[in-house]
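Pasting final_8.cif here (mmCIF, C-alpha atoms):
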data_upload
#
loop_
_atom_site.label_atom_id
_atom_site.label_comp_id
_atom_site.auth_asym_id
_atom_site.auth_seq_id
_atom_site.Cartn_x
_atom_site.Cartn_y
_atom_site.Cartn_z
CA MET K 1 0.00 0.00 0.00
CA ASP K 2 1.97 2.91 -1.34
CA LYS K 3 2.08 6.37 0.07
CA VAL K 4 0.78 9.09 -2.19
CA CYS K 5 2.75 12.27 -2.94
CA ILE K 6 0.64 15.36 -2.53
CA THR K 7 1.05 19.12 -2.39
CA LEU K 8 -0.96 21.06 0.17
CA ASN K 9 -1.18 24.84 0.01
CA VAL K 10 -2.04 25.77 3.57
CA ASN K 11 -2.46 29.42 4.56
CA GLY K 12 -0.24 30.39 1.64
CA ASP K 13 2.53 27.92 2.52
CA ARG K 14 3.32 25.05 0.19
CA TYR K 15 3.95 21.61 1.64
CA GLU K 16 5.04 18.54 -0.33
CA LEU K 17 4.24 15.35 1.52
CA ALA K 18 4.04 11.61 1.07
CA VAL K 19 0.96 10.44 2.96
CA ASP K 20 -0.81 7.18 3.59
CA PRO K 21 -4.01 7.36 1.55
CA TRP K 22 -6.26 6.44 4.48
CA ARG K 23 -5.22 9.46 6.53
CA THR K 24 -7.73 12.26 6.78
CA LEU K 25 -6.92 15.88 6.10
CA VAL K 26 -7.30 16.86 9.75
CA GLU K 27 -4.82 14.16 10.82
CA VAL K 28 -2.23 15.40 8.33
CA LEU K 29 -2.78 19.07 9.25
CA ARG K 30 -2.35 18.32 12.93
CA ASP K 31 0.24 15.55 13.00
CA ASP K 32 2.42 16.28 9.96
CA LEU K 33 2.14 20.06 9.66
CA ASN K 34 1.73 20.74 13.38
CA LEU K 35 -1.28 22.95 12.69
CA THR K 36 -3.22 21.90 15.77
CA GLY K 37 -5.69 24.77 15.69
CA THR K 38 -8.01 22.55 13.67
CA LYS K 39 -9.71 20.26 16.18
CA ILE K 40 -10.87 16.67 16.03
CA GLY K 41 -14.33 16.25 17.49
CA CYS K 42 -16.86 13.62 16.49
CA GLN K 43 -14.97 12.26 13.45
CA THR K 44 -18.32 11.68 11.76
CA GLY K 45 -18.90 15.07 10.12
CA ASP K 46 -21.48 16.22 12.64
CA CYS K 47 -19.73 18.63 15.01
CA GLY K 48 -17.76 20.98 12.75
CA ALA K 49 -14.73 21.25 15.08
CA CYS K 50 -12.51 20.22 12.15
CA THR K 51 -13.90 22.83 9.71
CA VAL K 52 -11.38 24.28 7.26
CA LEU K 53 -11.85 26.15 3.99
CA ILE K 54 -10.81 24.40 0.79
CA ASP K 55 -10.66 26.76 -2.19
CA GLY K 56 -12.86 29.06 -0.13
CA LYS K 57 -15.50 26.47 0.78
CA SER K 58 -16.04 25.11 4.26
CA VAL K 59 -15.54 21.37 4.66
CA ALA K 60 -15.27 18.87 7.50
CA SER K 61 -11.59 17.89 7.36
CA CYS K 62 -12.27 14.69 9.34
CA MET K 63 -14.42 13.45 6.44
CA MET K 64 -11.92 14.26 3.74
CA LEU K 65 -8.89 12.21 2.76
CA ALA K 66 -5.69 14.24 2.73
CA VAL K 67 -5.08 12.97 -0.81
CA ALA K 68 -8.35 14.62 -1.88
CA ALA K 69 -6.92 18.00 -0.88
CA ASP K 70 -3.93 17.61 -3.23
CA ASN K 71 -3.09 20.93 -4.92
CA LYS K 72 -5.94 22.74 -3.24
CA ASN K 73 -5.78 25.93 -1.22
CA ILE K 74 -6.53 25.23 2.42
CA ALA K 75 -7.28 27.91 5.01
CA THR K 76 -7.05 26.95 8.67
CA ILE K 77 -7.52 29.06 11.79
CA GLU K 78 -3.76 29.67 11.97
CA GLY K 79 -3.80 31.60 8.71
CA LEU K 80 -6.85 33.75 9.26
CA SER K 81 -5.15 36.74 10.80
CA THR K 82 -2.68 38.59 8.58
CA GLY K 83 -0.37 39.84 11.32
CA GLN K 84 1.63 37.94 13.92
CA ASP K 85 0.04 39.47 16.98
CA GLU K 86 -3.29 40.60 15.59
CA LEU K 87 -6.58 38.82 15.50
CA HIS K 88 -8.87 38.67 12.52
CA PRO K 89 -12.01 40.82 13.07
CA ILE K 90 -14.05 37.61 13.44
CA GLN K 91 -11.72 36.38 16.19
CA GLU K 92 -11.85 39.80 17.84
CA ALA K 93 -15.62 39.79 17.85
CA PHE K 94 -15.70 36.31 19.40
CA VAL K 95 -13.44 37.55 22.21
CA GLU K 96 -15.33 40.81 22.73
CA GLN K 97 -18.75 39.17 22.79
CA GLY K 98 -17.73 36.37 25.14
CA ALA K 99 -18.39 33.82 22.43
CA ILE K 100 -15.54 31.59 23.59
CA GLN K 101 -15.57 29.48 26.69
CA CYS K 102 -13.52 26.30 26.44
CA GLY K 103 -12.58 27.24 22.87
CA TYR K 104 -12.70 23.77 21.35
CA CYS K 105 -15.42 24.60 18.82
CA THR K 106 -14.08 28.11 18.16
CA PRO K 107 -11.74 27.48 15.19
CA GLY K 108 -14.56 25.72 13.36
CA MET K 109 -17.08 28.38 14.35
CA VAL K 110 -14.77 31.13 13.15
CA LEU K 111 -14.13 29.46 9.78
CA SER K 112 -17.83 28.76 9.25
CA THR K 113 -18.43 32.43 10.02
CA LYS K 114 -15.78 33.41 7.50
CA TYR K 115 -17.46 31.23 4.86
CA LEU K 116 -20.85 32.78 5.65
CA LEU K 117 -19.63 36.38 5.52
CA ASP K 118 -17.65 35.79 2.31
CA GLN K 119 -20.91 34.79 0.66
CA ASN K 120 -23.34 36.96 2.57
CA PRO K 121 -21.91 40.05 4.28
CA ASP K 122 -25.28 41.03 5.77
CA PRO K 123 -26.88 37.86 7.17
CA THR K 124 -30.07 37.74 9.23
CA GLU K 125 -30.05 35.96 12.56
CA THR K 126 -31.75 32.96 10.94
CA GLU K 127 -29.12 32.88 8.21
CA ILE K 128 -26.38 32.99 10.84
CA ARG K 129 -27.94 30.14 12.80
CA GLN K 130 -28.36 28.09 9.60
CA ALA K 131 -24.79 28.81 8.54
CA LEU K 132 -23.49 27.58 11.93
CA SER K 133 -25.83 24.60 12.17
CA GLY K 134 -22.94 22.28 11.27
CA ASN K 135 -20.89 23.52 14.22
CA LEU K 136 -21.75 22.28 17.68
CA CYS K 137 -20.86 24.11 20.88
CA ARG K 138 -21.20 22.29 24.19
CA CYS K 139 -20.39 25.05 26.69
CA THR K 140 -20.58 28.68 25.55
CA GLY K 141 -24.05 28.35 24.13
CA TYR K 142 -25.02 29.70 20.76
CA HIS K 143 -26.45 33.05 21.80
CA ARG K 144 -23.14 34.87 22.23
CA ILE K 145 -21.70 33.23 19.14
CA VAL K 146 -24.60 34.54 17.06
CA LYS K 147 -24.13 37.99 18.67
CA ALA K 148 -20.45 37.91 17.74
CA VAL K 149 -21.27 37.10 14.11
CA GLU K 150 -23.86 39.89 13.99
CA ALA K 151 -21.35 42.34 15.46
CA VAL K 152 -18.52 41.44 13.13
CA ALA K 153 -20.81 41.56 10.09
CA VAL K 154 -21.68 45.15 10.97
CA LYS K 155 -18.03 46.00 11.60
CA MET K 156 -16.72 44.40 8.44
CA ARG K 157 -19.36 46.12 6.34
CA ALA K 158 -18.48 49.47 7.90
CA ASP K 159 -14.74 48.86 7.42
CA GLY K 160 -15.36 47.76 3.85
CA LYS K 161 -17.23 50.98 3.10
CA GLY K 162 -14.47 53.08 4.64
CA GLU K 163 -11.84 51.75 2.27
CA MET G 1 -8.77 6.30 15.58
CA SER G 2 -7.56 6.15 12.03
CA LEU G 3 -9.36 4.76 9.02
CA PRO G 4 -8.66 1.17 7.95
CA LYS G 5 -5.89 0.85 5.39
CA PHE G 6 -6.56 0.76 1.66
CA THR G 7 -4.86 1.36 -1.66
CA TYR G 8 -5.88 4.54 -3.42
CA CYS G 9 -6.16 5.32 -7.10
CA GLU G 10 -7.28 8.27 -9.16
CA PRO G 11 -8.26 7.16 -12.67
CA LYS G 12 -8.43 9.81 -15.38
CA THR G 13 -11.51 8.43 -17.13
CA LEU G 14 -14.75 6.76 -16.12
CA GLU G 15 -13.88 3.77 -18.28
CA GLU G 16 -10.66 3.33 -16.34
CA ALA G 17 -12.57 3.65 -13.05
CA ALA G 18 -15.00 0.95 -14.19
CA LEU G 19 -12.14 -1.37 -15.17
CA LYS G 20 -10.54 -0.92 -11.75
CA LEU G 21 -13.86 -1.53 -10.05
CA ALA G 22 -14.38 -4.73 -12.05
CA GLU G 23 -10.79 -5.88 -11.42
CA TYR G 24 -11.29 -5.73 -7.64
CA ASP G 25 -14.74 -7.29 -7.82
CA GLY G 26 -16.52 -6.27 -4.63
CA ARG G 27 -13.32 -5.26 -2.84
CA ALA G 28 -13.15 -1.70 -4.24
CA ARG G 29 -15.30 1.32 -3.58
CA ILE G 30 -15.81 4.53 -5.52
CA VAL G 31 -15.29 7.79 -3.63
CA ALA G 32 -16.77 11.08 -4.79
CA GLY G 33 -17.39 13.46 -1.86
CA GLY G 34 -16.49 10.76 0.65
CA THR G 35 -19.00 11.80 3.30
CA ASP G 36 -20.78 8.45 3.33
CA LEU G 37 -17.81 6.20 2.52
CA LEU G 38 -15.52 7.64 5.20
CA LEU G 39 -18.31 7.36 7.75
CA GLY G 40 -18.88 3.73 6.73
CA MET G 41 -15.17 2.95 6.99
CA ARG G 42 -14.94 4.60 10.39
CA ARG G 43 -17.83 2.50 11.62
CA GLY G 44 -16.33 -0.66 10.19
CA ILE G 45 -19.25 -1.14 7.78
CA ALA G 46 -17.21 -0.42 4.64
CA LYS G 47 -13.86 -2.22 4.33
CA PRO G 48 -12.60 -1.61 0.81
CA GLU G 49 -9.15 -2.84 -0.19
CA VAL G 50 -9.08 -0.25 -2.92
CA VAL G 51 -10.63 3.21 -3.00
CA ILE G 52 -11.16 4.66 -6.46
CA SER G 53 -11.50 8.44 -6.53
CA LEU G 54 -13.37 10.29 -9.27
CA ALA G 55 -11.54 13.53 -8.43
CA ARG G 56 -9.28 13.52 -11.53
CA ILE G 57 -11.95 12.77 -14.09
CA ALA G 58 -12.33 15.86 -16.25
CA GLY G 59 -15.82 17.31 -16.27
CA ALA G 60 -17.22 14.91 -13.69
CA ASN G 61 -18.50 17.79 -11.58
CA ALA G 62 -20.37 19.43 -14.45
CA ILE G 63 -24.00 20.44 -14.33
CA VAL G 64 -24.93 21.04 -17.95
CA ALA G 65 -28.17 21.79 -19.75
CA SER G 66 -29.19 21.26 -23.34
CA ALA G 67 -32.46 22.41 -24.90
CA THR G 68 -34.24 19.36 -23.51
CA GLU G 69 -32.38 18.05 -20.50
CA LEU G 70 -30.12 18.73 -17.53
CA ARG G 71 -27.18 16.49 -16.63
CA ILE G 72 -25.71 16.33 -13.15
CA GLY G 73 -22.22 14.81 -13.09
CA ALA G 74 -21.00 12.34 -10.49
CA MET G 75 -18.80 14.91 -8.73
CA ALA G 76 -21.33 17.78 -8.61
CA THR G 77 -21.76 18.62 -4.93
CA LEU G 78 -25.02 19.07 -3.09
CA ALA G 79 -24.19 22.79 -2.68
CA GLU G 80 -23.47 23.22 -6.39
CA VAL G 81 -26.73 21.53 -7.34
CA ALA G 82 -28.72 23.50 -4.73
CA GLN G 83 -27.34 26.80 -5.98
CA HIS G 84 -27.51 26.11 -9.72
CA PRO G 85 -29.92 28.57 -11.40
CA LEU G 86 -31.38 25.97 -13.80
CA VAL G 87 -31.94 23.48 -10.98
CA GLN G 88 -33.69 26.19 -8.97
CA GLN G 89 -35.80 27.19 -11.96
CA HIS G 90 -36.85 23.81 -13.33
CA PHE G 91 -36.29 21.39 -10.44
CA PRO G 92 -37.11 23.31 -7.25
CA ALA G 93 -37.78 20.17 -5.20
CA LEU G 94 -34.24 18.98 -5.94
CA ALA G 95 -32.72 22.41 -5.19
CA CYS G 96 -34.57 22.44 -1.88
CA ALA G 97 -33.62 18.88 -0.92
CA ALA G 98 -29.96 19.41 -1.79
CA ALA G 99 -29.99 22.59 0.32
CA VAL G 100 -31.26 20.77 3.43
CA THR G 101 -29.10 17.64 3.22
CA GLY G 102 -26.67 17.45 6.15
CA THR G 103 -24.69 20.53 7.15
CA VAL G 104 -23.08 23.34 5.18
CA GLN G 105 -19.75 21.48 5.28
CA ILE G 106 -21.30 18.19 4.15
CA ARG G 107 -23.07 19.95 1.26
CA ASN G 108 -19.74 21.41 0.14
CA MET G 109 -18.29 17.88 -0.01
CA GLY G 110 -21.04 15.35 -0.67
CA THR G 111 -22.49 14.82 -4.13
CA VAL G 112 -26.04 14.24 -5.38
CA VAL G 113 -24.96 11.12 -7.28
CA GLY G 114 -23.30 9.85 -4.09
CA ASN G 115 -26.44 10.54 -2.10
CA ILE G 116 -28.35 8.35 -4.57
CA CYS G 117 -25.71 5.59 -4.81
CA ASN G 118 -25.57 5.35 -1.01
CA ALA G 119 -29.21 4.28 -1.35
CA SER G 120 -30.41 5.32 2.06
CA PRO G 121 -34.22 5.15 2.32
CA SER G 122 -34.04 8.67 3.79
CA ALA G 123 -31.79 10.24 1.14
CA ASP G 124 -33.10 13.77 0.74
CA THR G 125 -32.42 14.02 -2.99
CA ALA G 126 -34.10 10.70 -3.84
CA THR G 127 -37.77 11.73 -3.80
CA PRO G 128 -37.21 14.89 -5.88
CA LEU G 129 -35.31 12.89 -8.49
CA LEU G 130 -38.11 10.29 -8.53
CA ILE G 131 -40.79 12.90 -9.31
CA TYR G 132 -38.63 14.28 -12.12
CA ASP G 133 -38.32 10.77 -13.66
CA ALA G 134 -34.53 10.90 -13.31
CA LYS G 135 -32.39 8.53 -15.33
CA MET G 136 -29.05 7.24 -14.12
CA ILE G 137 -26.33 6.88 -16.76
CA VAL G 138 -24.33 3.87 -15.66
CA VAL G 139 -20.82 3.15 -16.95
CA ALA G 140 -19.31 -0.34 -17.05
CA PRO G 141 -16.10 -1.63 -18.65
CA GLY G 142 -18.10 -2.63 -21.75
CA GLY G 143 -20.06 0.61 -22.22
CA GLU G 144 -23.01 2.54 -20.86
CA ARG G 145 -26.57 1.75 -19.89
CA THR G 146 -29.45 3.86 -18.62
CA VAL G 147 -31.39 2.93 -15.50
CA ALA G 148 -34.56 4.73 -14.46
CA LEU G 149 -34.20 5.91 -10.88
CA ALA G 150 -37.42 4.10 -9.97
CA GLU G 151 -35.58 0.84 -10.88
CA PHE G 152 -32.31 1.86 -9.26
CA PHE G 153 -33.06 1.41 -5.56
CA ARG G 154 -33.14 -2.25 -4.49
CA GLY G 155 -33.15 -1.99 -0.70
CA PRO G 156 -31.42 -0.07 2.07
CA GLY G 157 -27.88 0.52 0.76
CA LYS G 158 -28.58 -1.63 -2.31
CA THR G 159 -28.74 -0.46 -5.91
CA ALA G 160 -29.11 -1.90 -9.38
CA LEU G 161 -25.38 -1.42 -9.99
CA THR G 162 -23.54 -4.65 -10.73
CA GLN G 163 -19.87 -5.56 -10.85
CA GLY G 164 -17.73 -2.85 -12.42
CA GLU G 165 -20.59 -0.38 -12.73
CA LEU G 166 -20.64 3.18 -11.52
CA VAL G 167 -22.91 6.15 -12.11
CA LYS G 168 -21.60 8.74 -14.54
CA GLU G 169 -24.41 11.25 -14.27
CA ILE G 170 -28.08 11.85 -13.64
CA VAL G 171 -30.23 13.05 -16.53
CA LEU G 172 -33.40 15.08 -15.99
CA LYS G 173 -35.77 16.05 -18.76
CA LEU G 174 -36.59 19.76 -18.68
CA PRO G 175 -40.29 20.22 -17.95
CA SER G 176 -42.60 21.40 -20.72
CA GLY G 177 -45.66 23.54 -20.02
CA THR G 178 -46.75 24.50 -16.54
CA THR G 179 -45.40 22.28 -13.79
CA ARG G 180 -45.09 22.87 -10.07
CA SER G 181 -43.03 20.79 -7.68
CA ASN G 182 -41.62 20.90 -4.17
CA TYR G 183 -40.00 18.85 -1.41
CA GLN G 184 -41.30 18.61 2.15
CA LYS G 185 -38.98 17.32 4.85
CA LEU G 186 -39.78 16.46 8.42
CA SER G 187 -36.91 16.14 10.87
CA PRO G 188 -38.01 17.31 14.29
CA ARG G 189 -34.60 18.15 15.73
CA SER G 190 -33.39 20.33 12.88
CA LYS G 191 -32.85 20.28 9.14
CA VAL G 192 -29.36 18.91 9.85
CA ASP G 193 -30.74 15.56 10.95
CA ILE G 194 -31.92 12.99 8.44
CA ALA G 195 -35.56 13.08 7.41
CA ILE G 196 -38.04 10.97 9.33
CA VAL G 197 -40.34 11.50 6.37
CA GLY G 198 -39.70 13.23 3.05
CA VAL G 199 -42.32 13.81 0.37
CA SER G 200 -41.92 15.33 -3.09
CA ALA G 201 -44.82 16.14 -5.37
CA LEU G 202 -45.00 17.36 -8.93
CA LEU G 203 -48.11 18.50 -10.78
CA ALA G 204 -48.27 19.38 -14.47
CA PHE G 205 -51.34 21.48 -15.25
CA SER G 206 -53.29 21.73 -18.49
CA GLU G 207 -54.60 25.07 -19.76
CA THR G 208 -57.91 24.45 -18.01
CA GLY G 209 -56.14 24.00 -14.70
CA ALA G 210 -56.76 20.26 -14.60
CA ILE G 211 -53.88 18.01 -13.63
CA ARG G 212 -52.21 16.60 -16.70
CA ARG G 213 -49.57 14.56 -14.87
CA ALA G 214 -48.85 13.89 -11.22
CA ARG G 215 -45.86 12.50 -9.37
CA ILE G 216 -45.65 11.83 -5.65
CA ALA G 217 -42.61 10.21 -4.07
CA ILE G 218 -42.14 9.26 -0.44
CA GLY G 219 -38.90 8.76 1.47
CA SER G 220 -37.87 7.28 4.85
CA VAL G 221 -41.07 5.23 4.95
CA ALA G 222 -40.14 2.07 3.04
CA PRO G 223 -36.96 0.04 2.36
CA VAL G 224 -36.42 2.30 -0.67
CA PRO G 225 -37.57 5.80 -1.63
CA LYS G 226 -40.53 5.18 -3.91
CA ARG G 227 -43.38 6.67 -5.86
CA ALA G 228 -46.91 6.56 -4.43
CA LEU G 229 -48.43 5.32 -7.66
CA GLU G 230 -52.04 4.96 -6.51
CA ALA G 231 -52.05 8.47 -5.12
CA GLU G 232 -50.60 9.77 -8.39
CA ASN G 233 -53.28 8.01 -10.44
CA MET G 234 -56.06 9.59 -8.41
CA LEU G 235 -54.82 13.05 -9.38
CA GLU G 236 -54.56 12.74 -13.14
CA GLY G 237 -57.32 14.64 -14.94
CA CYS G 238 -58.64 16.11 -11.67
CA GLN G 239 -59.08 19.65 -10.50
CA LEU G 240 -57.29 20.11 -7.19
CA THR G 241 -59.87 20.57 -4.43
CA PRO G 242 -59.46 20.22 -0.66
CA GLU G 243 -61.40 16.92 -0.86
CA VAL G 244 -59.14 15.56 -3.59
CA ILE G 245 -56.03 16.59 -1.67
CA ALA G 246 -57.26 14.90 1.53
CA ALA G 247 -58.15 11.68 -0.31
CA VAL G 248 -54.82 11.57 -2.16
CA ALA G 249 -52.88 12.23 1.05
CA ALA G 250 -54.67 9.35 2.77
CA VAL G 251 -53.84 6.98 -0.08
CA ALA G 252 -50.19 8.06 -0.11
CA ALA G 253 -50.02 7.21 3.60
CA LYS G 254 -51.41 3.73 2.84
CA GLU G 255 -48.68 3.21 0.27
CA ALA G 256 -46.00 3.82 2.92
CA ALA G 257 -44.48 0.83 4.72
CA PRO G 258 -42.52 2.53 7.51
CA ILE G 259 -40.62 1.09 10.43
CA THR G 260 -40.28 2.25 14.02
CA ASP G 261 -36.80 3.41 15.00
CA MET G 262 -35.18 5.87 17.39
CA ARG G 263 -36.37 8.83 15.34
CA ALA G 264 -40.06 8.04 14.93
CA SER G 265 -42.68 5.32 15.20
CA GLU G 266 -44.28 3.54 12.31
CA ASP G 267 -47.66 5.15 13.04
CA TYR G 268 -46.25 8.63 13.29
CA ARG G 269 -44.35 8.26 10.04
CA ARG G 270 -47.45 7.02 8.25
CA SER G 271 -49.54 9.90 9.57
CA MET G 272 -46.86 12.37 8.52
CA VAL G 273 -46.83 11.02 4.97
CA ALA G 274 -50.43 12.25 4.71
CA VAL G 275 -49.57 15.63 6.24
CA LEU G 276 -46.53 16.23 4.05
CA THR G 277 -48.35 15.04 0.91
CA ARG G 278 -51.13 17.50 1.66
CA ARG G 279 -48.63 20.32 2.21
CA ALA G 280 -46.76 19.49 -0.99
CA LEU G 281 -49.95 19.51 -3.07
CA GLN G 282 -51.20 22.69 -1.43
CA GLN G 283 -47.92 24.43 -2.13
CA ASN G 284 -48.10 23.35 -5.77
CA GLN G 285 -51.63 24.73 -5.91
CA ARG G 286 -50.65 28.07 -4.34
CA GLU G 287 -47.78 28.48 -6.79
CA GLN G 288 -50.09 27.67 -9.69
CA GLN G 289 -52.60 30.36 -8.76
#
Let me see whether you can do it: turn the structure in this file into structure tokens.
Amino acid sequence: MDKVCITLNVNGDRYELAVDPWRTLVEVLRDDLNLTGTKIGCQTGDCGACTVLIDGKSVASCMMLAVAADNKNIATIEGLSTGQDELHPIQEAFVEQGAIQCGYCTPGMVLSTKYLLDQNPDPTETEIRQALSGNLCRCTGYHRIVKAVEAVAVKMRADGKGE
Amino acid sequence: MSLPKFTYCEPKTLEEAALKLAEYDGRARIVAGGTDLLLGMRRGIAKPEVVISLARIAGANAIVASATELRIGAMATLAEVAQHPLVQQHFPALACAAAVTGTVQIRNMGTVVGNICNASPSADTATPLLIYDAKMIVVAPGGERTVALAEFFRGPGKTALTQGELVKEIVLKLPSGTTRSNYQKLSPRSKVDIAIVGVSALLAFSETGAIRRARIAIGSVAPVPKRALEAENMLEGCQLTPEVIAAVAAVAAKEAAPITDMRASEDYRRSMVAVLTRRALQQNQREQQ
């Protein structure tokens, strides 16, 4: 059973790897690339803790073979912020609104939020809840998370207009 | 907990994929979006020696229309189908079903063809495709054949595909004249959960407003998603009245053969077939007026 040579473009960095074909993308991100911000939760595609963006689309990286991500552009939580010490506005809003408690679901929540706002910069509360329905939170509760998404949508629209 | 080991290949053509599939007779599995196969492997239900990916097959994710039909390729995702303008315009029940299958992430990965080939009785996209008389284009090492979707499902997880066969695409005939169709899903926890009952209904109206053609399909209430043929027959040539709708809904419920499981009882499912059939017909009627 041969390893497969793949190229992963993660957060703008290019990695050439030989991987066992049965390894999932989240395993390779965490164990080979040391990008442990992406979490492993249910491993059945239900909880969204492993959410990453592939070519701009949110996917459950526990349900995707690493070989299937060959040559694709992958965005993980580590690459969201542009600066070393800064947070992305979505991350900032999660902090400000108290939308993080244990933090385990947060990377997935933040990336699902990014995917939503990329497509729909002005979502309704229902649209936010639908967009996050594939991300489970077991401690913070959803209320503050929804508030954070509402707040950052307003902020990002205002910032966008100011440019 | 890693997945069981397998050999992986990425054929460049469907013919090559079919040859590989035939070569490993029963020991190979096709992967498109992977959302069902990986789950099956993790649960120890699927144990393929070889996994054959369709990812490198050019054009396999295409959704293309001609003057008379729409073709949905094997790699077209649920999200792509749900958002496609022609699907939304001509096949709204399918657009709706694809938009409520699983989660956002699953819809960005999973495919409509995969949802059908997985052959779950509760597959959201099955009943819409049944009311649109979908045809499956099946590729084998020796060539192609066409299988009507109504003949495709053979039991839970079982399809008409035989050794070396895989589905290339789904073909839908574009509707002519005035037709209305929609999908009704019941899943009490949320849309993310699988349907405890799904009903799709299509009505084609004549110029007088009478029903020229009717299709009703019911999901999660029998070993396979299926058409409610008696209920359909009652509608043809009729004007849609509240009495007709109630009678048809009752017959559709009789055509269901549901089971009791953790999500719902047999009785509840049967009752809900009537409710969802009524809602589907009423929605068609409202859109017609």
I need the contact residues of chain K against chain G, so if you could list those with any atom within 9 Å, counting only C-alpha atoms, and return them as a PyMOL selection string, that would help. chain K and resi 1-4+20-24+27+43-46+48+51+57-60+62-65+67-68+112+130-135
Matched chain/residue IDs from the PyMOL selection byres ((chain G and resi 264) around 12), as a VMD selection string: chain G and resid 186 to 189 194 to 197 220 to 221 258 to 263 265 to 272
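Closest approach to Ser176 (chain G) among G:Gln88, G:Thr127, G:Thr68, G:Thr162: G:Thr68, based on all atoms listed in the file.
Nearest residue to Leu17 (chain K) among K:Gly108, K:Asp70, K:Asp55, K:Leu136 is K:Asp70, counting only C-alpha atoms.
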Determine, using all atoms listed in the file, which residues of region 88-107 of chain K have any atom at most 12 Å from an atom of region 31-40 of chain K, and tabulate each with its shortest atom pair and distance in Å to one decimal place, rows ordered by chain and then rising number, as a tab-separated table.
residue	atom	partner	partner_atom	distance
K:Gly103	CA	K:Lys39	CA	10.1
K:Tyr104	CA	K:Lys39	CA	6.9
K:Cys105	CA	K:Lys39	CA	7.6
K:Thr106	CA	K:Lys39	CA	9.2
K:Pro107	CA	K:Thr38	CA	6.4
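The smallest atom-to-atom distance between Leu149 (chain G) and any of G:Pro242, G:Gly114, G:Pro225, G:Pro85, using only C-alpha atoms, is found for G:Pro225.
The shell of residues at most 10 Å from Gln97 (chain K), with all atoms listed in the file counted and near chain neighbours (fewer than 5 positions) removed, consists of Glu92, His143, Arg144, Ile145, Val146, Lys147, Ala148, Val149, Ala151 and Val152 of chain K.
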Next on the checklist: Would you pick out the contacts of Thr179 (chain G) at 7 Å or less, using all atoms listed in the file, so that residues sharing its chain but fewer than 2 positions from it are not included, and give the list as a ChimeraX atom specification?
Outcome noted: /G:175,177,181,202-205
Q) At a cut-off of 10 Å from (-10.9, 8.6, -12.7) in the coordinates of the file, what residues are picked up using all atoms listed in the file, written as a list in words? A) Cys9, Glu10, Pro11, Lys12, Thr13, Leu14, Glu15, Glu16, Ala17, Ala18, Lys20, Ile30, Ile52, Ser53, Leu54, Ala55, Arg56, Ile57, Ala58 and Ala60 of chain G
Keeping C-alpha atoms for every residue in the selection just given, could you write it to a file as an mmCIF file, in the frame of the given file?
data_model
loop_
_atom_site.group_PDB
_atom_site.id
_atom_site.type_symbol
_atom_site.label_atom_id
_atom_site.label_comp_id
_atom_site.auth_asym_id
_atom_site.auth_seq_id
_atom_site.Cartn_x
_atom_site.Cartn_y
_atom_site.Cartn_z
ATOM 1 C CA CYS G 9 -6.160 5.320 -7.100
ATOM 2 C CA GLU G 10 -7.280 8.270 -9.160
ATOM 3 C CA PRO G 11 -8.260 7.160 -12.670
ATOM 4 C CA LYS G 12 -8.430 9.810 -15.380
ATOM 5 C CA THR G 13 -11.510 8.430 -17.130
ATOM 6 C CA LEU G 14 -14.750 6.760 -16.120
ATOM 7 C CA GLU G 15 -13.880 3.770 -18.280
ATOM 8 C CA GLU G 16 -10.660 3.330 -16.340
ATOM 9 C CA ALA G 17 -12.570 3.650 -13.050
ATOM 10 C CA ALA G 18 -15.000 0.950 -14.190
ATOM 11 C CA LYS G 20 -10.540 -0.920 -11.750
ATOM 12 C CA ILE G 30 -15.810 4.530 -5.520
ATOM 13 C CA ILE G 52 -11.160 4.660 -6.460
ATOM 14 C CA SER G 53 -11.500 8.440 -6.530
ATOM 15 C CA LEU G 54 -13.370 10.290 -9.270
ATOM 16 C CA ALA G 55 -11.540 13.530 -8.430
ATOM 17 C CA ARG G 56 -9.280 13.520 -11.530
ATOM 18 C CA ILE G 57 -11.950 12.770 -14.090
ATOM 19 C CA ALA G 58 -12.330 15.860 -16.250
ATOM 20 C CA ALA G 60 -17.220 14.910 -13.690
#
Margin query: Starting from the PyMOL selection byres ((chain G and resi 161) around 12), expand the selection into actual residues of this file and give them as an MDAnalysis selection string.
Written below: chainID G and resid 18 21:22 26 116:119 136:140 144:149 151:154 157:160 162:168
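One finds CA of Lys173 (chain G) at 9.6 Å from CA of Ala65 (chain G).
The interatomic distance for the pair CA of Glu232 (chain G) and CA of Val171 (chain G) works out to 22.2 Å.
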Could the centre and edge lengths of an axis-aligned box, enclosing all atoms of region 272-284 of chain G in the file with 8 Å extra on each side, be given in Å to one decimal as AutoDock Vina command-line options?
--center_x -48.9 --center_y 17.7 --center_z 1.4 --size_x 20.7 --size_y 29.4 --size_z 30.3
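Note that CA of Val26 (chain K) and CA of Lys72 (chain K) are 14.3 Å apart.
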If you count all atoms listed in the file, the residue of K:Asn120, K:Asn11, K:Thr140, K:Thr126 closest to Ala153 (chain K) turns out to be K:Asn120
Could you tell me, as a ChimeraX atom specification, which residues have any atom at most 8 Å from (-22.1, 14.1, -10.8), counting only C-alpha atoms? /G:60-63,72-77,111-113,168-170
